[in-house]
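Participant: Sharing structure_33.pdb below, PDB, C-alpha atoms, pLDDT in the B column:
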```pdb
ATOM      1  CA  MET A   1     -14.482  -3.602   9.662  1.00 56.00           C
ATOM      2  CA  SER A   2     -13.683  -6.593   7.437  1.00 74.00           C
ATOM      3  CA  GLU A   3     -17.136  -8.125   7.957  1.00 83.00           C
ATOM      4  CA  LEU A   4     -18.714  -4.847   6.871  1.00 87.00           C
ATOM      5  CA  ILE A   5     -16.646  -4.670   3.680  1.00 88.00           C
ATOM      6  CA  PHE A   6     -17.428  -8.284   2.789  1.00 88.00           C
ATOM      7  CA  LYS A   7     -21.145  -7.678   3.451  1.00 92.00           C
ATOM      8  CA  GLN A   8     -21.035  -4.565   1.254  1.00 93.00           C
ATOM      9  CA  PHE A   9     -19.418  -6.561  -1.565  1.00 91.00           C
ATOM     10  CA  GLU A  10     -22.130  -9.212  -1.225  1.00 93.00           C
ATOM     11  CA  MET A  11     -24.944  -6.636  -1.314  1.00 95.00           C
ATOM     12  CA  THR A  12     -23.472  -4.485  -4.083  1.00 96.00           C
ATOM     13  CA  ARG A  13     -22.519  -7.405  -6.288  1.00 96.00           C
ATOM     14  CA  GLY A  14     -25.915  -9.019  -5.690  1.00 96.00           C
ATOM     15  CA  SER A  15     -27.618  -5.820  -6.823  1.00 96.00           C
ATOM     16  CA  PHE A  16     -25.307  -5.534  -9.832  1.00 97.00           C
ATOM     17  CA  ILE A  17     -25.982  -9.116 -10.919  1.00 97.00           C
ATOM     18  CA  GLU A  18     -29.739  -8.734 -10.406  1.00 96.00           C
ATOM     19  CA  THR A  19     -29.681  -5.579 -12.545  1.00 96.00           C
ATOM     20  CA  VAL A  20     -27.716  -7.086 -15.434  1.00 97.00           C
ATOM     21  CA  GLU A  21     -29.602 -10.401 -15.420  1.00 97.00           C
ATOM     22  CA  SER A  22     -32.821  -8.439 -16.023  1.00 95.00           C
ATOM     23  CA  ILE A  23     -31.493  -7.046 -19.326  1.00 96.00           C
ATOM     24  CA  SER A  24     -31.883  -8.826 -22.653  1.00 94.00           C
ATOM     25  CA  LYS A  25     -28.710  -9.728 -24.517  1.00 92.00           C
ATOM     26  CA  ILE A  26     -29.822  -7.490 -27.399  1.00 94.00           C
ATOM     27  CA  THR A  27     -30.294  -4.503 -25.083  1.00 96.00           C
ATOM     28  CA  ALA A  28     -26.895  -5.190 -23.487  1.00 97.00           C
ATOM     29  CA  ASP A  29     -25.163  -4.470 -26.794  1.00 97.00           C
ATOM     30  CA  VAL A  30     -27.025  -1.265 -27.667  1.00 97.00           C
ATOM     31  CA  GLN A  31     -25.019   1.936 -27.246  1.00 96.00           C
ATOM     32  CA  PRO A  32     -27.582   4.672 -26.620  1.00 96.00           C
ATOM     33  CA  GLU A  33     -26.931   8.190 -27.823  1.00 93.00           C
ATOM     34  CA  GLY A  34     -24.942  10.187 -25.293  1.00 93.00           C
ATOM     35  CA  PHE A  35     -23.211   7.136 -23.789  1.00 95.00           C
ATOM     36  CA  ASN A  36     -19.653   6.000 -24.593  1.00 93.00           C
ATOM     37  CA  ASN A  37     -20.264   2.331 -23.940  1.00 97.00           C
ATOM     38  CA  THR A  38     -22.789  -0.489 -23.830  1.00 98.00           C
ATOM     39  CA  ILE A  39     -24.190  -2.366 -20.856  1.00 98.00           C
ATOM     40  CA  HIS A  40     -22.122  -5.347 -22.039  1.00 98.00           C
ATOM     41  CA  TRP A  41     -18.986  -3.206 -21.655  1.00 98.00           C
ATOM     42  CA  HIS A  42     -20.019  -2.028 -18.167  1.00 98.00           C
ATOM     43  CA  ILE A  43     -20.425  -5.632 -17.011  1.00 98.00           C
ATOM     44  CA  GLY A  44     -16.914  -6.536 -18.176  1.00 98.00           C
ATOM     45  CA  HIS A  45     -15.491  -3.282 -16.831  1.00 97.00           C
ATOM     46  CA  VAL A  46     -16.794  -3.886 -13.298  1.00 97.00           C
ATOM     47  CA  LEU A  47     -15.428  -7.434 -13.378  1.00 96.00           C
ATOM     48  CA  THR A  48     -12.019  -6.275 -14.597  1.00 94.00           C
ATOM     49  CA  ILE A  49     -11.591  -3.323 -12.249  1.00 91.00           C
ATOM     50  CA  THR A  50     -12.746  -5.297  -9.192  1.00 92.00           C
ATOM     51  CA  GLU A  51     -10.142  -7.927  -9.966  1.00 89.00           C
ATOM     52  CA  GLY A  52      -7.577  -5.321  -8.940  1.00 77.00           C
ATOM     53  CA  VAL A  53      -8.657  -5.652  -5.308  1.00 74.00           C
ATOM     54  CA  ILE A  54      -8.344  -9.423  -5.347  1.00 75.00           C
ATOM     55  CA  SER A  55      -5.051  -9.526  -7.190  1.00 77.00           C
ATOM     56  CA  TYR A  56      -3.304  -6.566  -5.514  1.00 70.00           C
ATOM     57  CA  PRO A  57      -0.404  -5.862  -5.849  1.00 68.00           C
ATOM     58  CA  HIS A  58      -0.388  -7.733  -9.169  1.00 66.00           C
ATOM     59  CA  PRO A  59      -2.092  -5.971 -12.102  1.00 64.00           C
ATOM     60  CA  ILE A  60      -3.880  -9.062 -13.433  1.00 62.00           C
ATOM     61  CA  THR A  61      -4.518 -12.611 -12.285  1.00 68.00           C
ATOM     62  CA  THR A  62      -5.030 -15.945 -13.949  1.00 74.00           C
ATOM     63  CA  HIS A  63      -8.753 -15.598 -13.215  1.00 85.00           C
ATOM     64  CA  LEU A  64      -9.250 -13.170 -16.099  1.00 90.00           C
ATOM     65  CA  PRO A  65      -7.982 -13.530 -19.642  1.00 91.00           C
ATOM     66  CA  ALA A  66      -5.219 -11.060 -20.477  1.00 86.00           C
ATOM     67  CA  ASN A  67      -7.325  -9.302 -23.122  1.00 92.00           C
ATOM     68  CA  TYR A  68      -9.924  -8.121 -20.571  1.00 93.00           C
ATOM     69  CA  ILE A  69      -7.859  -5.002 -19.822  1.00 91.00           C
ATOM     70  CA  GLU A  70      -7.876  -4.196 -23.552  1.00 93.00           C
ATOM     71  CA  LEU A  71     -11.621  -4.851 -23.792  1.00 96.00           C
ATOM     72  CA  PHE A  72     -12.904  -3.426 -20.514  1.00 96.00           C
ATOM     73  CA  GLY A  73     -10.180  -1.237 -19.008  1.00 92.00           C
ATOM     74  CA  THR A  74     -10.758   2.440 -18.326  1.00 92.00           C
ATOM     75  CA  GLY A  75     -10.944   4.401 -21.571  1.00 94.00           C
ATOM     76  CA  THR A  76     -11.854   1.425 -23.773  1.00 96.00           C
ATOM     77  CA  ARG A  77     -14.963   1.218 -25.961  1.00 95.00           C
ATOM     78  CA  PRO A  78     -16.905  -1.597 -27.631  1.00 96.00           C
ATOM     79  CA  SER A  79     -16.464   0.146 -30.991  1.00 94.00           C
ATOM     80  CA  GLU A  80     -12.742  -0.677 -30.673  1.00 94.00           C
ATOM     81  CA  TRP A  81     -13.163  -4.327 -29.636  1.00 95.00           C
ATOM     82  CA  LYS A  82     -11.042  -6.835 -31.508  1.00 91.00           C
ATOM     83  CA  GLY A  83     -10.657 -10.542 -31.011  1.00 88.00           C
ATOM     84  CA  ASP A  84     -12.550 -12.784 -28.623  1.00 91.00           C
ATOM     85  CA  VAL A  85     -15.187 -10.842 -26.652  1.00 96.00           C
ATOM     86  CA  PRO A  86     -16.850 -12.818 -23.852  1.00 97.00           C
ATOM     87  CA  SER A  87     -20.638 -13.075 -23.845  1.00 97.00           C
ATOM     88  CA  VAL A  88     -22.770 -11.304 -21.264  1.00 97.00           C
ATOM     89  CA  ASP A  89     -23.665 -14.707 -19.789  1.00 97.00           C
ATOM     90  CA  LYS A  90     -19.987 -15.594 -19.369  1.00 98.00           C
ATOM     91  CA  LEU A  91     -19.266 -12.244 -17.716  1.00 98.00           C
ATOM     92  CA  ILE A  92     -22.178 -12.687 -15.290  1.00 98.00           C
ATOM     93  CA  LEU A  93     -20.892 -16.143 -14.351  1.00 98.00           C
ATOM     94  CA  MET A  94     -17.444 -14.649 -13.777  1.00 97.00           C
ATOM     95  CA  LEU A  95     -18.965 -11.896 -11.585  1.00 97.00           C
ATOM     96  CA  LYS A  96     -20.518 -14.601  -9.397  1.00 97.00           C
ATOM     97  CA  GLU A  97     -17.248 -16.529  -9.188  1.00 95.00           C
ATOM     98  CA  GLN A  98     -15.385 -13.324  -8.388  1.00 94.00           C
ATOM     99  CA  LEU A  99     -17.700 -12.619  -5.455  1.00 92.00           C
ATOM    100  CA  VAL A 100     -16.785 -16.002  -3.961  1.00 92.00           C
ATOM    101  CA  ARG A 101     -13.092 -15.143  -4.317  1.00 89.00           C
ATOM    102  CA  LEU A 102     -13.672 -11.694  -2.792  1.00 87.00           C
ATOM    103  CA  GLN A 103     -15.290 -13.303   0.232  1.00 86.00           C
ATOM    104  CA  ARG A 104     -12.253 -15.565   0.657  1.00 86.00           C
ATOM    105  CA  ILE A 105      -9.795 -12.691   1.044  1.00 84.00           C
ATOM    106  CA  PRO A 106      -8.306 -13.107   4.529  1.00 85.00           C
ATOM    107  CA  SER A 107      -9.703 -10.319   6.713  1.00 82.00           C
ATOM    108  CA  GLY A 108      -6.214  -9.463   7.968  1.00 85.00           C
ATOM    109  CA  ARG A 109      -5.171  -8.674   4.414  1.00 84.00           C
ATOM    110  CA  LEU A 110      -7.554  -5.710   4.363  1.00 84.00           C
ATOM    111  CA  ASN A 111      -5.215  -3.809   6.681  1.00 88.00           C
ATOM    112  CA  GLN A 112      -2.274  -4.343   4.325  1.00 87.00           C
ATOM    113  CA  ARG A 113      -0.838  -1.047   3.141  1.00 88.00           C
ATOM    114  CA  LEU A 114      -0.732  -0.330  -0.577  1.00 85.00           C
ATOM    115  CA  GLU A 115       2.754  -0.089  -2.051  1.00 83.00           C
ATOM    116  CA  GLU A 116       1.814   3.391  -3.237  1.00 82.00           C
ATOM    117  CA  PRO A 117      -1.237   5.357  -2.099  1.00 82.00           C
ATOM    118  CA  PHE A 118      -3.992   5.455  -4.726  1.00 78.00           C
ATOM    119  CA  MET A 119      -6.159   8.598  -4.773  1.00 81.00           C
ATOM    120  CA  GLY A 120      -5.280   9.153  -1.108  1.00 86.00           C
ATOM    121  CA  LEU A 121      -6.143   5.566  -0.173  1.00 84.00           C
ATOM    122  CA  GLU A 122      -3.490   3.700   1.785  1.00 89.00           C
ATOM    123  CA  THR A 123      -4.837   0.233   2.670  1.00 88.00           C
ATOM    124  CA  ILE A 124      -6.528  -2.666   0.854  1.00 85.00           C
ATOM    125  CA  ALA A 125      -9.717  -1.922   2.842  1.00 88.00           C
ATOM    126  CA  GLU A 126      -9.731   1.683   1.633  1.00 88.00           C
ATOM    127  CA  PHE A 127      -9.031   0.496  -1.914  1.00 84.00           C
ATOM    128  CA  ALA A 128     -11.918  -1.988  -1.608  1.00 86.00           C
ATOM    129  CA  SER A 129     -14.257   0.812  -0.528  1.00 89.00           C
ATOM    130  CA  ILE A 130     -13.546   2.816  -3.686  1.00 87.00           C
ATOM    131  CA  VAL A 131     -14.165  -0.308  -5.792  1.00 89.00           C
ATOM    132  CA  LEU A 132     -17.555  -0.658  -4.068  1.00 92.00           C
ATOM    133  CA  LEU A 133     -18.356   2.960  -4.934  1.00 93.00           C
ATOM    134  CA  HIS A 134     -17.242   2.296  -8.520  1.00 94.00           C
ATOM    135  CA  GLU A 135     -19.561  -0.706  -8.818  1.00 96.00           C
ATOM    136  CA  GLY A 136     -22.479   1.302  -7.433  1.00 96.00           C
ATOM    137  CA  ILE A 137     -21.867   4.052  -9.989  1.00 97.00           C
ATOM    138  CA  HIS A 138     -22.008   1.484 -12.777  1.00 97.00           C
ATOM    139  CA  ILE A 139     -25.291   0.064 -11.458  1.00 97.00           C
ATOM    140  CA  GLY A 140     -26.737   3.565 -11.839  1.00 97.00           C
ATOM    141  CA  LEU A 141     -25.290   4.005 -15.327  1.00 97.00           C
ATOM    142  CA  ILE A 142     -26.661   0.645 -16.449  1.00 97.00           C
ATOM    143  CA  ASP A 143     -30.104   1.496 -15.074  1.00 96.00           C
ATOM    144  CA  ALA A 144     -30.049   4.863 -16.883  1.00 96.00           C
ATOM    145  CA  MET A 145     -28.944   3.218 -20.129  1.00 97.00           C
ATOM    146  CA  LYS A 146     -31.688   0.622 -19.828  1.00 96.00           C
ATOM    147  CA  ARG A 147     -34.319   3.373 -19.459  1.00 95.00           C
ATOM    148  CA  VAL A 148     -32.928   5.384 -22.394  1.00 96.00           C
ATOM    149  CA  ILE A 149     -32.882   2.281 -24.619  1.00 96.00           C
ATOM    150  CA  LYS A 150     -36.457   1.389 -23.630  1.00 94.00           C
ATOM    151  CA  ALA A 151     -37.673   4.942 -24.273  1.00 93.00           C
ATOM    152  CA  SER A 152     -36.080   5.010 -27.732  1.00 90.00           C
ATOM    153  CA  ASN A 153     -37.843   1.815 -28.886  1.00 78.00           C
TER
END
```
Reformat the file's structure so that it appears as structure tokens.

Facilitator:
Amino acid sequence: MSELIFKQFEMTRGSFIETVESISKITADVQPEGFNNTIHWHIGHVLTITEGVISYPHPITTHLPANYIELFGTGTRPSEWKGDVPSVDKLILMLKEQLVRLQRIPSGRLNQRLEEPFMGLETIAEFASIVLLHEGIHIGLIDAMKRVIKASN
């Protein structure tokens, strides 16, 4: 089971990185009509939320600056950004580094039970599977945003 989860992270993250590297930095900061966020925000959001799997049971690690929750957490928006916002290039580099750390999670840790079930999920492996789904959803949103931005130009 652990090999499958690690392979899924590698494939999903590879697809995510390939998608976002194909987008210009200007396009990444456009917020198309009908969308709450920018592609730039989605990149940081995926990085920040995925960190929860690596750092569990701690809410944040030293691998991400403390302000990333304020910038990219659920319910945040680029229109409310204050302070130092990392560039798209920096976020992509951090996504690549995060994948390496994900692959170093000891496979036995995946069977560890969560302190409290999350959305019916009880183990780190189950939690990881929902994070994979989350990342896939954001790949689709980014692709849709890219097409809407291109069509509006």

Participant: Go ahead and compute the interatomic distance for atom CA of Glu33 of chain A and atom CA of Asp143 of chain A, in Å to one decimal.

Facilitator: 14.7 Å

Participant: Work out how far apart atom CA of Pro65 of chain A and atom CA of Ala28 of chain A are and give it in Å to one decimal.

Facilitator: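 The value is 21.0 Å.
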
Participant: Select, from A:His63, A:Lys25, A:Lys7, A:His138, the residue with the minimum atom-to-atom distance to His42 of chain A, counting all atoms listed in the file.

Facilitator: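 Nearest to His42 of chain A: A:His138.
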
Participant: As a ChimeraX atom specification, please: the residues near Ser2 of chain A (cut-off 12 Å, all atoms listed in the file, same-chain neighbours under 6 positions excluded).

Facilitator: /A:8-9,102-111,124-126,128-129

Participant: Would you mind exporting C-alpha atoms of the selected residues as a short mmCIF file (atom, residue, chain, number, x, y, z; two decimals), in the frame of the given file?

Facilitator:
```cif
data_model
loop_
_atom_site.label_atom_id
_atom_site.label_comp_id
_atom_site.auth_asym_id
_atom_site.auth_seq_id
_atom_site.Cartn_x
_atom_site.Cartn_y
_atom_site.Cartn_z
CA GLN A 8 -21.04 -4.57 1.25
CA PHE A 9 -19.42 -6.56 -1.56
CA LEU A 102 -13.67 -11.69 -2.79
CA GLN A 103 -15.29 -13.30 0.23
CA ARG A 104 -12.25 -15.56 0.66
CA ILE A 105 -9.80 -12.69 1.04
CA PRO A 106 -8.31 -13.11 4.53
CA SER A 107 -9.70 -10.32 6.71
CA GLY A 108 -6.21 -9.46 7.97
CA ARG A 109 -5.17 -8.67 4.41
CA LEU A 110 -7.55 -5.71 4.36
CA ASN A 111 -5.22 -3.81 6.68
CA ILE A 124 -6.53 -2.67 0.85
CA ALA A 125 -9.72 -1.92 2.84
CA GLU A 126 -9.73 1.68 1.63
CA ALA A 128 -11.92 -1.99 -1.61
CA SER A 129 -14.26 0.81 -0.53
#
```

Participant: To test your reading of the syntax: which residues would the PyMOL selection byres ((chain A and resi 139) around 10) return for the file shown? Reply as a list in words.

Facilitator: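 Written out, the selection comes to Thr12, Arg13, Ser15, Phe16, Ile17, Glu18, Thr19, Val20, Ile39, His42, Ile43, Val46, Leu133, His134, Glu135, Gly136, Ile137, His138, Gly140, Leu141, Ile142, Asp143, Ala144 and Met145 of chain A.
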
Participant: Report as a VMD selection string the full result of the PyMOL selection byres ((chain A and resi 88) around 12) when it is applied to this structure.

Facilitator: chain A and resid 17 20 to 29 38 to 45 47 85 to 87 89 to 95

Participant: Hey, can you check how far atom CA of Ser79 of chain A sits from atom CA of Gly52 of chain A?

Facilitator: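 Atom-to-atom, atom CA of Ser79 of chain A and atom CA of Gly52 of chain A are spaced 24.4 Å apart.
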
Participant: Here is a test: counting all atoms listed in the file, which residue of A:Leu99, A:Met11, A:Val148, A:Leu121 is nearest to Glu51 of chain A?

Facilitator: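 Of the candidates, the smallest distance to Glu51 of chain A is held by A:Leu99.
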
Participant: Give me the result of the PyMOL selection byres ((chain A and resi 76) around 12) on this file, residue by residue, as a compact mmCIF listing (two decimals) with C-alpha atoms, in the frame of the given file.

Facilitator:
```
# COMPACT_ATOMS: atom_id res chain seq x y z
CA ASN A 36 -19.65 6.00 -24.59
CA ASN A 37 -20.26 2.33 -23.94
CA THR A 38 -22.79 -0.49 -23.83
CA TRP A 41 -18.99 -3.21 -21.66
CA HIS A 42 -20.02 -2.03 -18.17
CA GLY A 44 -16.91 -6.54 -18.18
CA HIS A 45 -15.49 -3.28 -16.83
CA THR A 48 -12.02 -6.28 -14.60
CA ASN A 67 -7.32 -9.30 -23.12
CA TYR A 68 -9.92 -8.12 -20.57
CA ILE A 69 -7.86 -5.00 -19.82
CA GLU A 70 -7.88 -4.20 -23.55
CA LEU A 71 -11.62 -4.85 -23.79
CA PHE A 72 -12.90 -3.43 -20.51
CA GLY A 73 -10.18 -1.24 -19.01
CA THR A 74 -10.76 2.44 -18.33
CA GLY A 75 -10.94 4.40 -21.57
CA ARG A 77 -14.96 1.22 -25.96
CA PRO A 78 -16.90 -1.60 -27.63
CA SER A 79 -16.46 0.15 -30.99
CA GLU A 80 -12.74 -0.68 -30.67
CA TRP A 81 -13.16 -4.33 -29.64
CA LYS A 82 -11.04 -6.84 -31.51
```

Participant: Between A:Gly120, A:Ala151, A:Lys146, A:Gln112, which one has atoms that come closest to Val53 of chain A, using all atoms listed in the file?

Facilitator: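 With all atoms listed in the file as the atom set, the closest residue is A:Gln112.
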
Participant: Edge lengths and centre in Å to one decimal, as lines of an AutoDock Vina configuration file, is what I'm after for the box along x, y and z that holds all listed atoms of segment 12-19 of chain A once 4 Å is added on each side.

Facilitator:
```
center_x = -26.1
center_y = -6.8
center_z = -8.3
size_x = 15.2
size_y = 12.6
size_z = 16.5
```
